Amino acid sequence: MAEITLERVSKQFADGATAVREATFTVHDGERFILVGPSGCGKSTLLNLIVGLEEPTGGEIRLDGRSLRGVDPKDRDMAMVFQSYALYPHLSVGENLAFPLKLAGLPAPEIAARVAETARLLVITDLLGRKPANLSGGQRQRVAMGRAIVRRPKVFLLDEPLSNLDAQLRTLMRAELIRLQQRLGTTTLYVTHDQTEAMTLGDRVAIMRGGAIEQIGTPRELYHRPANLFVAGFIGAPAMNFLPGRLTADRLVLPMAELPLDSAQRARIGGANGPVIVGLRPEQLELPSSDRAAVFDCTVDLVEWLGAEVFVHLDLGPSTLALPPALAQLTADRPRPIARLDPAAAVTAGQRLSLTFELSALHLFHPDTGARLPERA
Ligand SMILES: Nc1ncnc2c1ncn2[C@@H]1O[C@H](COP(=O)(O)OP(=O)(O)OP(=O)(O)O)[C@@H](O)[C@H]1O
Ligand SMILES: [Mg+2]
């Protein structure tokens, strides 16, 4: 049993920078909990606070209800894996695995048994005699995991453990990590800046920005009901399209279409009449089929063909709708909406194209705060 609870945990460094602001959440026993966010948002600091490499300047961290305040890192029964792996170069793989157990004073036969078992689990038995320098990146990553597992800790803390690997190996190791964690059932906190890694690995995911947690949820919750523009733009690839919109008493005006709203729909959406930010995922745009959907015409600006799918960049033409401030910032680096279509669609740059979407696919956000409006249309 290992449940970690954070209550309004903050960290302000001596130079005044606040790296973590009032983080509050519980990681349940056996859960894979992911911290994700852009560089510098405080992910590593939060992990260091939990493992005890840093002390919080505010709030409380508990392990199974017991406060960790003042508890030495080595007495927390947690094992951390760093991005750099931090293996001892002069020790063999076997000696690297045995090291934490020797430090803990375990008897030699017990150490030998655990090293053998861990090596078997990670399929590195053949490597036990080698030095880290003579291993591939993926093998080193496995040894680093092994050194954490061999201690049989209550909690694993992993800080970007796959980021030194190439894309193919990363995908492979991701699946291995899930299998391994499921087998061991150890409570795991995992840090990454990669939303795909977060979505695939996480039972639940916490999205951080500027030291604050923006939203915590299952990958599905984050995808379907992002709490604000930041989360909406962070989760999903290609990223959600954002468009200026305007709500009236009975319609939603978009740059490329006007959608009538019945009174029930209008009431569900909430928000005042006036500007609104509309989010529409690239995968929710389709070639015309169902007659319930909104249809609009656009010009194809650019086509990215990827074999299994095609990303079509769209020119919606001039819009009379003003860009709300929260949106102007967001769309600066991706000016054109993208549709993710079936490659059979044989679309070429410069052509006119009709596309559709369902009203229910739209996400609506407050034009100033970026907060989600209560309901989907
Ligand atoms: N020891 C320190 N002293 C002062 N400021 C620090 C210290 N460690 C981190 N910071 C600052 O705290 C903020 C959060 O840093 P942190 O390393 O936790 O970010 P991160 O989310 O892990 O980023 P990355 O994805 O780049 O690893 C940054 O602004 C960083 O400069
Ligand atoms: Mg970091």
# chains A, B, ... in the order shown; residues from 1 in each chain; ligands from 1

call {"tool": "residues_near_ligand", "arguments": {"ligand": "ligand 2", "cutoff": "9 Å", "atoms": "only C-alpha atoms and all ligand atoms", "output": "number ranges by chain"}}
result
A: 39-45, 47, 83, 159-160, 191-193

call {"tool": "residues_around", "arguments": {"residues": "stretch 225-236 of chain A", "least_positions_apart": "2", "cutoff": "8 Å", "atoms": "only C-alpha atoms", "output": "list of chain:residue names"}}
result
A:Gln195, A:Thr196, A:Ile207, A:Glu214, A:Gln215, A:Glu221, A:Leu222, A:Tyr223, A:Pro238, A:Ala239, A:Met240, A:Asn241, A:Gly279, A:Phe365, A:Gly370, A:Ala371, A:Arg372

call {"tool": "write_last_selection", "arguments": {"atoms": "C-alpha atoms", "output": "JSON list (two decimals), in the first residue's frame"}}
result
[["chain", "number", "residue", "atom", "x", "y", "z"],
["A", 195, "GLN", "CA", 1.64, 14.74, -24.22],
["A", 196, "THR", "CA", 1.59, 11.43, -26.12],
["A", 207, "ILE", "CA", -1.14, 19.18, -16.50],
["A", 214, "GLU", "CA", -4.16, 23.36, -14.55],
["A", 215, "GLN", "CA", -6.19, 20.15, -14.57],
["A", 221, "GLU", "CA", -11.39, 13.43, -19.44],
["A", 222, "LEU", "CA", -8.58, 15.75, -20.51],
["A", 223, "TYR", "CA", -9.24, 15.04, -24.16],
["A", 238, "PRO", "CA", -2.25, 17.87, -34.17],
["A", 239, "ALA", "CA", -3.39, 20.43, -31.61],
["A", 240, "MET", "CA", -6.98, 21.56, -31.30],
["A", 241, "ASN", "CA", -7.95, 24.33, -33.72],
["A", 279, "GLY", "CA", -12.15, 24.77, -30.18],
["A", 365, "PHE", "CA", -14.00, 28.90, -23.98],
["A", 370, "GLY", "CA", -9.77, 30.92, -21.48],
["A", 371, "ALA", "CA", -11.88, 28.87, -19.05],
["A", 372, "ARG", "CA", -14.21, 26.27, -20.53]]

call {"tool": "residues_near_ligand", "arguments": {"ligand": "ligand 1", "cutoff": "12 Å", "atoms": "only C-alpha atoms and all ligand atoms", "output": "VMD selection string"}}
result
chain A and resid 10 to 21 35 to 49 53 to 55 82 to 84 158 to 161 163 190 to 194 207 to 213

call {"tool": "write_last_selection", "arguments": {"atoms": "N, CA and C atoms", "output": "CSV table (one decimal), in the first residue's frame"}}
result
chain,number,residue,atom,x,y,z
A,10,SER,N,3.9,24.0,-2.0
A,10,SER,CA,4.6,25.0,-2.7
A,10,SER,C,6.1,24.9,-2.6
A,11,LYS,N,6.8,25.4,-3.6
A,11,LYS,CA,8.2,25.5,-3.5
A,11,LYS,C,8.7,26.9,-4.0
A,12,GLN,N,9.2,27.7,-3.2
A,12,GLN,CA,9.8,28.9,-3.6
A,12,GLN,C,11.3,28.8,-3.4
A,13,PHE,N,12.1,29.0,-4.4
A,13,PHE,CA,13.5,28.9,-4.3
A,13,PHE,C,14.1,30.2,-3.7
A,14,ALA,N,15.3,30.1,-3.1
A,14,ALA,CA,15.9,31.2,-2.4
A,14,ALA,C,16.0,32.5,-3.3
A,15,ASP,N,16.2,32.3,-4.6
A,15,ASP,CA,16.3,33.4,-5.4
A,15,ASP,C,14.9,34.0,-5.8
A,16,GLY,N,13.9,33.5,-5.2
A,16,GLY,CA,12.5,34.1,-5.3
A,16,GLY,C,11.6,33.4,-6.3
A,17,ALA,N,12.2,32.5,-7.2
A,17,ALA,CA,11.4,31.9,-8.2
A,17,ALA,C,10.4,30.9,-7.5
A,18,THR,N,9.1,30.9,-7.8
A,18,THR,CA,8.2,30.0,-7.3
A,18,THR,C,8.0,28.9,-8.4
A,19,ALA,N,8.6,27.7,-8.0
A,19,ALA,CA,8.6,26.6,-9.0
A,19,ALA,C,7.3,25.8,-8.9
A,20,VAL,N,6.7,25.7,-7.7
A,20,VAL,CA,5.5,24.9,-7.6
A,20,VAL,C,4.5,25.7,-6.7
A,21,ARG,N,3.3,25.8,-7.2
A,21,ARG,CA,2.3,26.6,-6.5
A,21,ARG,C,1.1,25.8,-6.0
A,35,LEU,N,2.9,13.6,-14.5
A,35,LEU,CA,3.0,15.1,-14.4
A,35,LEU,C,3.5,15.5,-15.8
A,36,VAL,N,2.7,16.4,-16.5
A,36,VAL,CA,3.2,16.8,-17.8
A,36,VAL,C,3.0,18.3,-18.0
A,37,GLY,N,3.9,18.9,-18.8
A,37,GLY,CA,3.8,20.3,-19.0
A,37,GLY,C,5.0,20.8,-19.7
A,38,PRO,N,5.0,22.0,-20.2
A,38,PRO,CA,6.2,22.6,-20.9
A,38,PRO,C,7.4,22.7,-20.0
A,39,SER,N,8.6,22.9,-20.6
A,39,SER,CA,9.8,23.0,-19.9
A,39,SER,C,9.8,24.1,-18.9
A,40,GLY,N,10.3,23.9,-17.7
A,40,GLY,CA,10.3,24.9,-16.7
A,40,GLY,C,9.0,25.1,-15.9
A,41,CYS,N,8.0,24.2,-16.1
A,41,CYS,CA,6.7,24.4,-15.4
A,41,CYS,C,6.8,23.8,-14.0
A,42,GLY,N,7.8,23.2,-13.6
A,42,GLY,CA,7.9,22.7,-12.2
A,42,GLY,C,7.8,21.2,-12.0
A,43,LYS,N,7.8,20.4,-13.0
A,43,LYS,CA,7.6,19.0,-12.9
A,43,LYS,C,8.7,18.3,-12.0
A,44,SER,N,10.0,18.6,-12.4
A,44,SER,CA,11.1,17.9,-11.7
A,44,SER,C,11.1,18.4,-10.2
A,45,THR,N,10.8,19.7,-10.0
A,45,THR,CA,10.8,20.2,-8.7
A,45,THR,C,9.8,19.5,-7.8
A,46,LEU,N,8.6,19.2,-8.4
A,46,LEU,CA,7.5,18.6,-7.7
A,46,LEU,C,7.9,17.1,-7.3
A,47,LEU,N,8.6,16.4,-8.3
A,47,LEU,CA,9.1,15.1,-8.0
A,47,LEU,C,10.2,15.1,-6.9
A,48,ASN,N,11.1,16.1,-7.0
A,48,ASN,CA,12.1,16.2,-6.0
A,48,ASN,C,11.6,16.5,-4.6
A,49,LEU,N,10.4,17.2,-4.5
A,49,LEU,CA,9.8,17.5,-3.2
A,49,LEU,C,9.3,16.2,-2.7
A,53,LEU,N,14.4,15.3,-2.1
A,53,LEU,CA,15.6,16.0,-2.5
A,53,LEU,C,15.5,17.5,-2.3
A,54,GLU,N,14.2,18.0,-2.2
A,54,GLU,CA,13.9,19.4,-1.9
A,54,GLU,C,12.9,19.4,-0.8
A,55,GLU,N,12.9,20.4,0.1
A,55,GLU,CA,11.9,20.6,1.1
A,55,GLU,C,10.8,21.6,0.6
A,82,PHE,N,16.3,8.9,-13.1
A,82,PHE,CA,16.6,10.2,-13.7
A,82,PHE,C,16.7,10.0,-15.2
A,83,GLN,N,16.5,11.2,-15.9
A,83,GLN,CA,16.7,11.2,-17.4
A,83,GLN,C,18.1,10.8,-17.8
A,84,SER,N,19.1,11.1,-16.9
A,84,SER,CA,20.5,10.8,-17.2
A,84,SER,C,20.9,9.4,-16.8
A,158,LEU,N,9.8,8.7,-11.7
A,158,LEU,CA,10.6,8.7,-13.0
A,158,LEU,C,10.5,10.0,-13.6
A,159,ASP,N,11.7,10.6,-13.8
A,159,ASP,CA,11.8,11.9,-14.4
A,159,ASP,C,12.3,11.8,-15.8
A,160,GLU,N,11.4,11.9,-16.8
A,160,GLU,CA,11.7,11.9,-18.2
A,160,GLU,C,12.6,10.7,-18.5
A,161,PRO,N,12.3,9.5,-18.1
A,161,PRO,CA,13.2,8.4,-18.3
A,161,PRO,C,13.4,7.9,-19.7
A,163,SER,N,13.5,10.1,-22.5
A,163,SER,CA,13.7,11.3,-23.4
A,163,SER,C,15.1,11.2,-24.1
A,190,TYR,N,5.3,9.8,-12.8
A,190,TYR,CA,6.1,9.9,-14.0
A,190,TYR,C,6.0,11.3,-14.6
A,191,VAL,N,7.2,11.8,-14.8
A,191,VAL,CA,7.3,13.2,-15.4
A,191,VAL,C,7.7,13.1,-16.9
A,192,THR,N,7.0,13.9,-17.7
A,192,THR,CA,7.3,14.0,-19.1
A,192,THR,C,6.8,15.4,-19.6
A,193,HIS,N,7.4,15.9,-20.7
A,193,HIS,CA,6.9,17.1,-21.3
A,193,HIS,C,6.1,16.7,-22.6
A,194,ASP,N,6.0,15.4,-22.8
A,194,ASP,CA,5.4,14.8,-24.0
A,194,ASP,C,4.0,14.4,-23.8
A,207,ILE,N,-1.8,18.3,-15.5
A,207,ILE,CA,-1.1,19.2,-16.5
A,207,ILE,C,-0.7,20.4,-15.8
A,208,MET,N,0.6,20.7,-15.9
A,208,MET,CA,1.2,21.9,-15.1
A,208,MET,C,1.5,23.0,-16.1
A,209,ARG,N,1.4,24.2,-15.6
A,209,ARG,CA,1.9,25.4,-16.3
A,209,ARG,C,2.4,26.4,-15.2
A,210,GLY,N,3.6,26.9,-15.4
A,210,GLY,CA,4.1,28.0,-14.5
A,210,GLY,C,4.0,27.6,-13.0
A,211,GLY,N,4.2,26.4,-12.7
A,211,GLY,CA,4.2,25.9,-11.3
A,211,GLY,C,2.8,25.5,-10.8
A,212,ALA,N,1.8,25.8,-11.5
A,212,ALA,CA,0.4,25.5,-11.1
A,212,ALA,C,-0.1,24.3,-11.8
A,213,ILE,N,-1.0,23.5,-11.2
A,213,ILE,CA,-1.7,22.4,-11.9
A,213,ILE,C,-2.9,23.0,-12.5

call {"tool": "residues_around", "arguments": {"residues": "A:Asp203", "least_positions_apart": "3", "cutoff": "9 Å", "atoms": "only C-alpha atoms", "output": "ChimeraX atom specification"}}
result
/A:31-34,199-200,217-219

call {"tool": "write_last_selection", "arguments": {"atoms": "all heavy atoms", "output": "PDB file, in the first residue's frame"}}
result
ATOM      1  N   GLU A  31      -1.298   3.333  -8.715  1.00  0.00           N
ATOM      2  CA  GLU A  31      -1.660   4.158  -9.868  1.00  0.00           C
ATOM      3  C   GLU A  31      -0.419   4.621 -10.642  1.00  0.00           C
ATOM      4  O   GLU A  31       0.643   4.814 -10.065  1.00  0.00           O
ATOM      5  CB  GLU A  31      -2.429   5.389  -9.370  1.00  0.00           C
ATOM      6  CG  GLU A  31      -3.087   6.197 -10.466  1.00  0.00           C
ATOM      7  CD  GLU A  31      -3.959   7.338  -9.920  1.00  0.00           C
ATOM      8  OE1 GLU A  31      -3.649   7.896  -8.846  1.00  0.00           O
ATOM      9  OE2 GLU A  31      -4.948   7.662 -10.569  1.00  0.00           O
ATOM     10  N   ARG A  32      -0.588   4.801 -11.964  1.00  0.00           N
ATOM     11  CA  ARG A  32       0.424   5.498 -12.773  1.00  0.00           C
ATOM     12  C   ARG A  32      -0.068   6.927 -12.954  1.00  0.00           C
ATOM     13  O   ARG A  32      -1.036   7.172 -13.662  1.00  0.00           O
ATOM     14  CB  ARG A  32       0.587   4.836 -14.147  1.00  0.00           C
ATOM     15  CG  ARG A  32       1.435   3.595 -14.163  1.00  0.00           C
ATOM     16  CD  ARG A  32       1.812   3.202 -15.593  1.00  0.00           C
ATOM     17  NE  ARG A  32       0.657   3.174 -16.479  1.00  0.00           N
ATOM     18  CZ  ARG A  32      -0.167   2.131 -16.588  1.00  0.00           C
ATOM     19  NH1 ARG A  32       0.062   1.031 -15.898  1.00  0.00           N
ATOM     20  NH2 ARG A  32      -1.193   2.184 -17.399  1.00  0.00           N
ATOM     21  N   PHE A  33       0.604   7.843 -12.304  1.00  0.00           N
ATOM     22  CA  PHE A  33       0.192   9.241 -12.276  1.00  0.00           C
ATOM     23  C   PHE A  33       1.241  10.063 -13.010  1.00  0.00           C
ATOM     24  O   PHE A  33       2.421   9.992 -12.677  1.00  0.00           O
ATOM     25  CB  PHE A  33       0.056   9.703 -10.818  1.00  0.00           C
ATOM     26  CG  PHE A  33      -0.595  11.044 -10.655  1.00  0.00           C
ATOM     27  CD1 PHE A  33      -1.969  11.150 -10.501  1.00  0.00           C
ATOM     28  CD2 PHE A  33       0.173  12.204 -10.638  1.00  0.00           C
ATOM     29  CE1 PHE A  33      -2.570  12.395 -10.335  1.00  0.00           C
ATOM     30  CE2 PHE A  33      -0.427  13.453 -10.472  1.00  0.00           C
ATOM     31  CZ  PHE A  33      -1.799  13.546 -10.319  1.00  0.00           C
ATOM     32  N   ILE A  34       0.817  10.814 -14.013  1.00  0.00           N
ATOM     33  CA  ILE A  34       1.768  11.530 -14.868  1.00  0.00           C
ATOM     34  C   ILE A  34       1.714  13.022 -14.597  1.00  0.00           C
ATOM     35  O   ILE A  34       0.624  13.602 -14.494  1.00  0.00           O
ATOM     36  CB  ILE A  34       1.441  11.305 -16.367  1.00  0.00           C
ATOM     37  CG1 ILE A  34       1.101   9.844 -16.646  1.00  0.00           C
ATOM     38  CG2 ILE A  34       2.566  11.811 -17.247  1.00  0.00           C
ATOM     39  CD1 ILE A  34       2.216   8.881 -16.529  1.00  0.00           C
ATOM     40  N   MET A 199      -0.508  10.684 -22.204  1.00  0.00           N
ATOM     41  CA  MET A 199      -1.805  10.091 -22.498  1.00  0.00           C
ATOM     42  C   MET A 199      -1.737   8.568 -22.517  1.00  0.00           C
ATOM     43  O   MET A 199      -2.655   7.893 -22.065  1.00  0.00           O
ATOM     44  CB  MET A 199      -2.315  10.587 -23.853  1.00  0.00           C
ATOM     45  CG  MET A 199      -2.579  12.076 -23.899  1.00  0.00           C
ATOM     46  SD  MET A 199      -3.989  12.555 -22.900  1.00  0.00           S
ATOM     47  CE  MET A 199      -5.321  12.389 -24.087  1.00  0.00           C
ATOM     48  N   THR A 200      -0.646   8.009 -23.064  1.00  0.00           N
ATOM     49  CA  THR A 200      -0.582   6.557 -23.196  1.00  0.00           C
ATOM     50  C   THR A 200      -0.210   5.890 -21.880  1.00  0.00           C
ATOM     51  O   THR A 200      -0.658   4.789 -21.601  1.00  0.00           O
ATOM     52  CB  THR A 200       0.447   6.141 -24.264  1.00  0.00           C
ATOM     53  OG1 THR A 200       1.667   6.843 -24.019  1.00  0.00           O
ATOM     54  CG2 THR A 200      -0.031   6.460 -25.656  1.00  0.00           C
ATOM     55  N   GLY A 217      -6.887  14.674 -14.534  1.00  0.00           N
ATOM     56  CA  GLY A 217      -7.967  13.807 -14.993  1.00  0.00           C
ATOM     57  C   GLY A 217      -7.421  12.592 -15.711  1.00  0.00           C
ATOM     58  O   GLY A 217      -6.211  12.474 -15.924  1.00  0.00           O
ATOM     59  N   THR A 218      -8.317  11.690 -16.081  1.00  0.00           N
ATOM     60  CA  THR A 218      -7.904  10.574 -16.922  1.00  0.00           C
ATOM     61  C   THR A 218      -7.607  11.153 -18.306  1.00  0.00           C
ATOM     62  O   THR A 218      -8.090  12.237 -18.654  1.00  0.00           O
ATOM     63  CB  THR A 218      -9.024   9.529 -17.053  1.00  0.00           C
ATOM     64  OG1 THR A 218     -10.131  10.145 -17.723  1.00  0.00           O
ATOM     65  CG2 THR A 218      -9.490   9.024 -15.697  1.00  0.00           C
ATOM     66  N   PRO A 219      -6.814  10.445 -19.113  1.00  0.00           N
ATOM     67  CA  PRO A 219      -6.567  10.943 -20.467  1.00  0.00           C
ATOM     68  C   PRO A 219      -7.865  11.255 -21.212  1.00  0.00           C
ATOM     69  O   PRO A 219      -7.948  12.262 -21.908  1.00  0.00           O
ATOM     70  CB  PRO A 219      -5.799   9.780 -21.115  1.00  0.00           C
ATOM     71  CG  PRO A 219      -5.071   9.145 -19.977  1.00  0.00           C
ATOM     72  CD  PRO A 219      -6.019   9.241 -18.802  1.00  0.00           C
TER      73      PRO A 219
END

call {"tool": "closest_residue", "arguments": {"among": "A:Val123, A:Gly185, A:Val71, A:Arg140", "to": "A:Ala2", "atoms": "only C-alpha atoms"}}
result
A:Gly185

call {"tool": "atom_distance", "arguments": {"atom1": "atom CA of A:Leu261", "atom2": "atom CA of A:Arg246"}}
result
12.2 Å

call {"tool": "closest_residue", "arguments": {"among": "A:Leu327, A:Val347, A:Leu355, A:Ile269", "to": "A:Pro374", "atoms": "only C-alpha atoms"}}
result
A:Ile269

call {"tool": "select_by_dssp", "arguments": {"residues": "stretch 28-185 of chain A", "states": "strand (DSSP E or B)", "output": "count of residues only"}}
result
22
